[in-house]
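What follows is the content of final16.pdb, which has PDB, C-alpha atoms:
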```pdb
ATOM      1  CA  MET M 666       0.000   0.000   0.000
ATOM      2  CA  ARG M 667       2.882   2.317   0.854
ATOM      3  CA  LYS M 668       4.446   1.573  -2.545
ATOM      4  CA  VAL M 669       1.223   2.482  -4.313
ATOM      5  CA  LYS M 670       1.012   5.740  -2.331
ATOM      6  CA  LYS M 671       4.646   6.521  -3.189
ATOM      7  CA  ILE M 672       4.014   5.984  -6.893
ATOM      8  CA  PHE M 673       0.863   8.088  -7.003
ATOM      9  CA  ALA M 674       2.007  10.888  -4.667
ATOM     10  CA  PRO M 675       3.839  12.866  -7.428
ATOM     11  CA  VAL M 676       0.889  12.328  -9.776
ATOM     12  CA  LEU M 677      -1.562  13.633  -7.174
ATOM     13  CA  ALA M 678       0.705  16.608  -6.469
ATOM     14  CA  LEU M 679       0.871  17.397 -10.190
ATOM     15  CA  CYS M 680      -2.914  17.146 -10.533
ATOM     16  CA  LEU M 681      -3.375  19.494  -7.569
ATOM     17  CA  ALA M 682      -0.923  22.001  -9.014
ATOM     18  CA  LEU M 683      -2.650  21.907 -12.408
ATOM     19  CA  SER M 684      -6.079  22.376 -10.823
ATOM     20  CA  LEU M 685      -4.805  25.413  -8.904
ATOM     21  CA  LEU M 686      -3.335  26.857 -12.078
ATOM     22  CA  ALA M 687      -6.580  26.243 -13.900
ATOM     23  CA  GLY M 688      -8.415  28.051 -11.107
ATOM     24  CA  CYS M 689      -6.116  31.069 -11.359
ATOM     25  CA  GLY M 690      -6.483  31.259 -15.104
ATOM     26  CA  GLY M 691     -10.250  31.011 -14.882
ATOM     27  CA  SER M 692     -10.454  34.029 -12.579
ATOM     28  CA  GLN M 693      -8.741  36.329 -15.091
ATOM     29  CA  VAL M 694     -11.222  38.977 -16.186
ATOM     30  CA  LYS M 695     -11.289  39.665 -19.926
ATOM     31  CA  ALA M 696     -10.301  43.173 -20.977
ATOM     32  CA  THR M 697     -13.580  43.525 -22.903
ATOM     33  CA  ASP M 698     -15.638  42.459 -19.858
ATOM     34  CA  TYR M 699     -13.712  44.889 -17.654
ATOM     35  CA  VAL M 700     -14.432  47.841 -19.953
ATOM     36  CA  ALA M 701     -18.082  46.755 -20.219
ATOM     37  CA  ALA M 702     -18.280  46.760 -16.395
ATOM     38  CA  LEU M 703     -16.800  50.277 -16.313
ATOM     39  CA  HIS M 704     -19.349  51.423 -18.872
ATOM     40  CA  LYS M 705     -22.204  49.843 -16.897
ATOM     41  CA  TYR M 706     -21.057  51.613 -13.744
ATOM     42  CA  MET M 707     -20.943  54.896 -15.648
ATOM     43  CA  CYS M 708     -24.569  54.366 -16.693
ATOM     44  CA  SER M 709     -26.078  52.862 -13.549
ATOM     45  CA  GLY M 710     -23.738  53.658 -10.653
ATOM     46  CA  ASP M 711     -23.997  50.014  -9.541
ATOM     47  CA  LYS M 712     -20.763  49.458  -7.593
ATOM     48  CA  ASP M 713     -21.401  45.779  -6.862
ATOM     49  CA  ALA M 714     -21.820  44.966 -10.563
ATOM     50  CA  ALA M 715     -18.655  46.926 -11.348
ATOM     51  CA  LYS M 716     -16.657  44.974  -8.757
ATOM     52  CA  LYS M 717     -17.905  41.686 -10.210
ATOM     53  CA  GLY M 718     -16.436  42.852 -13.519
ATOM     54  CA  GLY M 719     -13.026  43.325 -11.893
ATOM     55  CA  VAL M 720     -13.247  47.091 -11.298
ATOM     56  CA  SER M 721     -11.240  48.082  -8.210
ATOM     57  CA  ASP M 722     -12.380  50.420  -5.434
ATOM     58  CA  ASP M 723      -9.736  52.942  -6.520
ATOM     59  CA  THR M 724     -11.071  52.987 -10.087
ATOM     60  CA  ILE M 725     -14.648  53.353  -8.851
ATOM     61  CA  LYS M 726     -13.487  56.278  -6.721
ATOM     62  CA  SER M 727     -11.836  57.920  -9.735
ATOM     63  CA  PHE M 728     -15.185  57.641 -11.573
ATOM     64  CA  GLU M 729     -17.188  59.271  -8.791
ATOM     65  CA  GLU M 730     -16.815  62.864  -9.991
ATOM     66  CA  THR M 731     -18.013  61.935 -13.469
ATOM     67  CA  ARG M 732     -20.857  59.895 -11.966
ATOM     68  CA  LYS M 733     -21.874  62.908  -9.832
ATOM     69  CA  SER M 734     -21.911  65.107 -12.942
ATOM     70  CA  ILE M 735     -24.209  62.635 -14.688
ATOM     71  CA  ASP M 736     -26.459  62.211 -11.640
ATOM     72  CA  SER M 737     -26.719  65.970 -11.147
ATOM     73  CA  PHE M 738     -27.984  66.608 -14.677
ATOM     74  CA  GLY M 739     -31.525  66.890 -13.314
ATOM     75  CA  ASP M 740     -30.328  69.534 -10.860
ATOM     76  CA  LEU M 741     -28.598  71.369 -13.698
ATOM     77  CA  VAL M 742     -31.812  71.637 -15.712
ATOM     78  CA  THR M 743     -33.776  72.518 -12.576
ATOM     79  CA  ASN M 744     -31.357  75.239 -11.482
ATOM     80  CA  SER M 745     -31.286  76.673 -14.992
ATOM     81  CA  LEU M 746     -35.068  77.006 -15.027
ATOM     82  CA  ASN M 747     -35.236  78.077 -11.401
ATOM     83  CA  ALA M 748     -32.964  81.031 -12.109
ATOM     84  CA  GLU M 749     -35.549  82.317 -14.552
ATOM     85  CA  TYR M 750     -38.836  80.949 -13.226
ATOM     86  CA  LYS M 751     -38.416  80.964  -9.454
ATOM     87  CA  SER M 752     -40.982  79.178  -7.296
ATOM     88  CA  MET M 753     -42.771  77.753 -10.352
ATOM     89  CA  LEU M 754     -41.172  74.330 -10.189
ATOM     90  CA  ASP M 755     -43.193  71.490  -8.740
ATOM     91  CA  THR M 756     -40.932  69.266  -6.626
ATOM     92  CA  GLN M 757     -42.644  66.088  -7.824
ATOM     93  CA  LEU M 758     -42.081  67.037 -11.471
ATOM     94  CA  VAL M 759     -38.355  67.427 -10.799
ATOM     95  CA  THR M 760     -38.224  64.096  -8.925
ATOM     96  CA  ASP M 761     -40.034  62.302 -11.759
ATOM     97  CA  PHE M 762     -37.670  63.821 -14.330
ATOM     98  CA  SER M 763     -34.520  62.829 -12.417
ATOM     99  CA  LYS M 764     -35.838  59.293 -11.965
ATOM    100  CA  ALA M 765     -36.672  59.021 -15.673
ATOM    101  CA  PHE M 766     -33.194  60.242 -16.623
ATOM    102  CA  SER M 767     -31.469  57.690 -14.367
ATOM    103  CA  GLY M 768     -33.767  54.942 -15.647
ATOM    104  CA  CYS M 769     -33.013  55.795 -19.265
ATOM    105  CA  LEU M 770     -29.259  55.733 -18.605
ATOM    106  CA  SER M 771     -29.486  52.303 -16.982
ATOM    107  CA  LYS M 772     -31.076  50.879 -20.167
ATOM    108  CA  ILE M 773     -28.115  51.800 -22.379
ATOM    109  CA  GLN M 774     -26.556  48.756 -24.054
ATOM    110  CA  VAL M 775     -22.883  48.471 -24.974
ATOM    111  CA  THR M 776     -20.717  46.173 -27.088
ATOM    112  CA  THR M 777     -16.994  45.818 -26.349
ATOM    113  CA  THR M 778     -14.523  44.111 -28.680
ATOM    114  CA  GLU M 779     -10.756  43.660 -28.600
ATOM    115  CA  GLU M 780      -9.271  45.991 -31.206
ATOM    116  CA  SER M 781      -5.564  45.255 -30.692
ATOM    117  CA  LYS M 782      -3.079  43.890 -28.174
ATOM    118  CA  ASN M 783       0.436  45.027 -27.250
ATOM    119  CA  GLY M 784       2.073  43.068 -24.426
ATOM    120  CA  ASP M 785       0.018  43.662 -21.266
ATOM    121  CA  GLU M 786      -2.028  46.376 -22.940
ATOM    122  CA  VAL M 787      -5.298  45.842 -24.822
ATOM    123  CA  ALA M 788      -7.172  48.401 -26.897
ATOM    124  CA  VAL M 789     -10.911  47.831 -26.469
ATOM    125  CA  LYS M 790     -13.483  49.262 -28.865
ATOM    126  CA  VAL M 791     -16.605  50.550 -27.128
ATOM    127  CA  GLU M 792     -19.816  50.859 -29.165
ATOM    128  CA  SER M 793     -22.601  52.313 -27.082
ATOM    129  CA  GLN M 794     -26.195  53.439 -27.319
ATOM    130  CA  TYR M 795     -26.574  57.045 -26.204
ATOM    131  CA  ILE M 796     -29.045  59.725 -25.184
ATOM    132  CA  ASP M 797     -29.205  62.636 -27.607
ATOM    133  CA  LEU M 798     -29.784  65.303 -24.966
ATOM    134  CA  ASN M 799     -29.619  68.273 -27.296
ATOM    135  CA  THR M 800     -32.451  66.950 -29.477
ATOM    136  CA  LEU M 801     -34.389  65.800 -26.415
ATOM    137  CA  LEU M 802     -34.240  69.244 -24.774
ATOM    138  CA  GLN M 803     -35.131  71.093 -27.971
ATOM    139  CA  ASP M 804     -38.077  68.811 -28.802
ATOM    140  CA  SER M 805     -39.441  69.084 -25.258
ATOM    141  CA  MET M 806     -39.104  72.872 -25.387
ATOM    142  CA  LYS M 807     -41.161  73.003 -28.600
ATOM    143  CA  LYS M 808     -43.875  70.761 -27.135
ATOM    144  CA  ALA M 809     -43.990  72.809 -23.931
ATOM    145  CA  MET M 810     -44.506  76.021 -25.921
ATOM    146  CA  GLU M 811     -47.494  74.703 -27.905
ATOM    147  CA  GLY M 812     -50.571  76.774 -27.074
ATOM    148  CA  VAL M 813     -48.742  78.805 -24.425
ATOM    149  CA  ASP M 814     -48.337  82.584 -24.608
ATOM    150  CA  LEU M 815     -45.598  83.515 -22.116
ATOM    151  CA  SER M 816     -46.580  87.185 -22.325
ATOM    152  CA  LYS M 817     -49.792  86.389 -20.441
ATOM    153  CA  GLY M 818     -48.162  86.317 -17.040
ATOM    154  CA  ASP M 819     -47.138  83.876 -14.334
ATOM    155  CA  GLU M 820     -49.850  81.283 -14.952
ATOM    156  CA  ALA M 821     -48.770  80.912 -18.582
ATOM    157  CA  VAL M 822     -45.128  80.606 -17.531
ATOM    158  CA  LYS M 823     -46.024  78.003 -14.914
ATOM    159  CA  THR M 824     -47.912  76.026 -17.571
ATOM    160  CA  PHE M 825     -44.845  76.147 -19.832
ATOM    161  CA  VAL M 826     -42.487  74.929 -17.066
ATOM    162  CA  THR M 827     -44.898  72.123 -16.103
ATOM    163  CA  ASN M 828     -45.315  71.071 -19.739
ATOM    164  CA  TYR M 829     -41.547  71.127 -20.235
ATOM    165  CA  PHE M 830     -40.793  68.775 -17.354
ATOM    166  CA  LYS M 831     -43.677  66.475 -18.220
ATOM    167  CA  SER M 832     -42.497  66.295 -21.836
ATOM    168  CA  LEU M 833     -38.886  65.581 -20.782
ATOM    169  CA  THR M 834     -39.988  62.876 -18.348
ATOM    170  CA  ASP M 835     -42.326  61.232 -20.840
ATOM    171  CA  SER M 836     -39.647  61.300 -23.571
ATOM    172  CA  LEU M 837     -37.076  59.694 -21.265
ATOM    173  CA  ASN M 838     -39.479  57.011 -20.024
ATOM    174  CA  ASN M 839     -40.276  56.069 -23.626
ATOM    175  CA  TYR M 840     -36.905  56.907 -25.146
ATOM    176  CA  LYS M 841     -35.934  55.245 -28.406
ATOM    177  CA  PHE M 842     -32.165  55.234 -28.718
ATOM    178  CA  PRO M 843     -30.753  56.464 -32.051
ATOM    179  CA  ASP M 844     -29.957  53.720 -34.587
ATOM    180  CA  ASP M 845     -26.280  54.646 -34.709
ATOM    181  CA  LYS M 846     -23.886  54.145 -31.794
ATOM    182  CA  LYS M 847     -21.119  56.242 -30.293
ATOM    183  CA  SER M 848     -17.746  54.565 -30.625
ATOM    184  CA  GLN M 849     -14.481  55.064 -28.720
ATOM    185  CA  ILE M 850     -11.253  53.176 -28.007
ATOM    186  CA  ILE M 851     -10.220  52.577 -24.390
ATOM    187  CA  VAL M 852      -6.743  51.176 -23.640
ATOM    188  CA  VAL M 853      -6.399  49.035 -20.515
ATOM    189  CA  LYS M 854      -3.379  47.298 -19.019
ATOM    190  CA  LYS M 855      -3.130  44.159 -16.903
ATOM    191  CA  SER M 856      -3.275  44.559 -13.145
ATOM    192  CA  GLY M 857      -3.197  41.212 -11.308
ATOM    193  CA  ASN M 858      -6.217  39.191 -12.389
ATOM    194  CA  SER M 859      -7.954  42.269 -13.700
ATOM    195  CA  TRP M 860      -7.184  45.485 -15.581
ATOM    196  CA  GLU M 861      -6.822  49.216 -15.143
ATOM    197  CA  MET M 862      -7.209  52.117 -17.538
ATOM    198  CA  LYS M 863      -3.959  53.317 -19.064
ATOM    199  CA  ASP M 864      -5.038  56.961 -18.887
ATOM    200  CA  SER M 865      -7.621  57.051 -16.101
ATOM    201  CA  LYS M 866      -8.658  60.716 -16.253
ATOM    202  CA  ASN M 867      -8.866  60.993 -20.036
ATOM    203  CA  ASP M 868     -10.507  57.587 -20.544
ATOM    204  CA  THR M 869     -13.145  58.319 -17.899
ATOM    205  CA  GLU M 870     -14.211  61.399 -19.869
ATOM    206  CA  ILE M 871     -14.091  59.449 -23.150
ATOM    207  CA  LEU M 872     -16.326  56.741 -21.670
ATOM    208  CA  ALA M 873     -18.817  59.361 -20.450
ATOM    209  CA  GLU M 874     -18.955  60.811 -23.967
ATOM    210  CA  THR M 875     -20.193  57.462 -25.317
ATOM    211  CA  ILE M 876     -23.474  57.648 -23.366
ATOM    212  CA  ILE M 877     -24.544  61.283 -23.780
ATOM    213  CA  LYS M 878     -24.577  63.491 -26.863
ATOM    214  CA  MET M 879     -24.740  67.220 -26.217
ATOM    215  CA  GLU M 880     -23.713  68.856 -29.510
TER     216      GLU M 880
END
```
Spell out the structure here as structure tokens.
Amino acid sequence: MRKVKKIFAPVLALCLALSLLAGCGGSQVKATDYVAALHKYMCSGDKDAAKKGGVSDDTIKSFEETRKSIDSFGDLVTNSLNAEYKSMLDTQLVTDFSKAFSGCLSKIQVTTTEESKNGDEVAVKVESQYIDLNTLLQDSMKKAMEGVDLSKGDEAVKTFVTNYFKSLTDSLNNYKFPDDKKSQIIVVKKSGNSWEMKDSKNDTEILAETIIKME
């Protein structure tokens, strides 16, 4: 029995080593999946999903400012209107609009493909659906103005502001993404079993540009 154990001991050791190696290799996050997780976090702010895609706490932290800018878009529109039409904004309208905007962002779909590879660096092509904010704002403005004469005083102005927010909210809740997609290249480099952006600050801005169109 001891002889049998002696013969098979090296074999068992080799099998164990191979299984451990296989386990390590299996935990390596693909560069394309990593960038997709970054993109998803940019759209939804879901930290847990980002971490599952190999995104580190430090990277999530570096994204926070951009995430805040995206989340505060509702406040930006509100403050812009509030500066001109003080006390005419219904709180519920603003809440509904902000919720619709966040919901629309979370529906954005992305495709990531490996464009090229150079050592530990991989260039990933991002093709993303996007919200055409400029068109959305202009169309909602036109709808809000229909049948409203702003020269007729505060009630007319209040009607316009209410119509504007309702139109924005409705458009976002039923938003049909443009047929084309916004495309960018993000370069990532290996970091342990995951990846990190080669140019964190610049690539964060580039990624944000794939989900919102302002021009």
Exercise. Pick the closest to M:Gln757 from M:Lys782, M:Ser816, M:Thr834, M:Gly710: which is it, counting all atoms listed in the file?
Worked result: M:Thr834
Exercise. What is the atom CA of M:Glu874 to atom CA of M:Ile851 distance in Å?
Worked result: 12.0 Å
Exercise. If the PyMOL selection byres ((chain M and resi 778) around 6) is run on the structure shown, which residues does it catch, given as an NGL selection string?
Worked result: :M and (697 or 777 or 779 or 789-790)
Problem set entry | Atom pair atom CA of M:Tyr829 / atom CA of M:Ser805: separation (Å) | 5.8 Å
For this session: Can you work out which one of M:Ser793, M:Met879, M:Asp723, M:Thr731 has the shortest atom-to-atom distance to M:Asn867, counting only C-alpha atoms?
Result: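 Under the stated criterion, the closest residue is M:Thr731.
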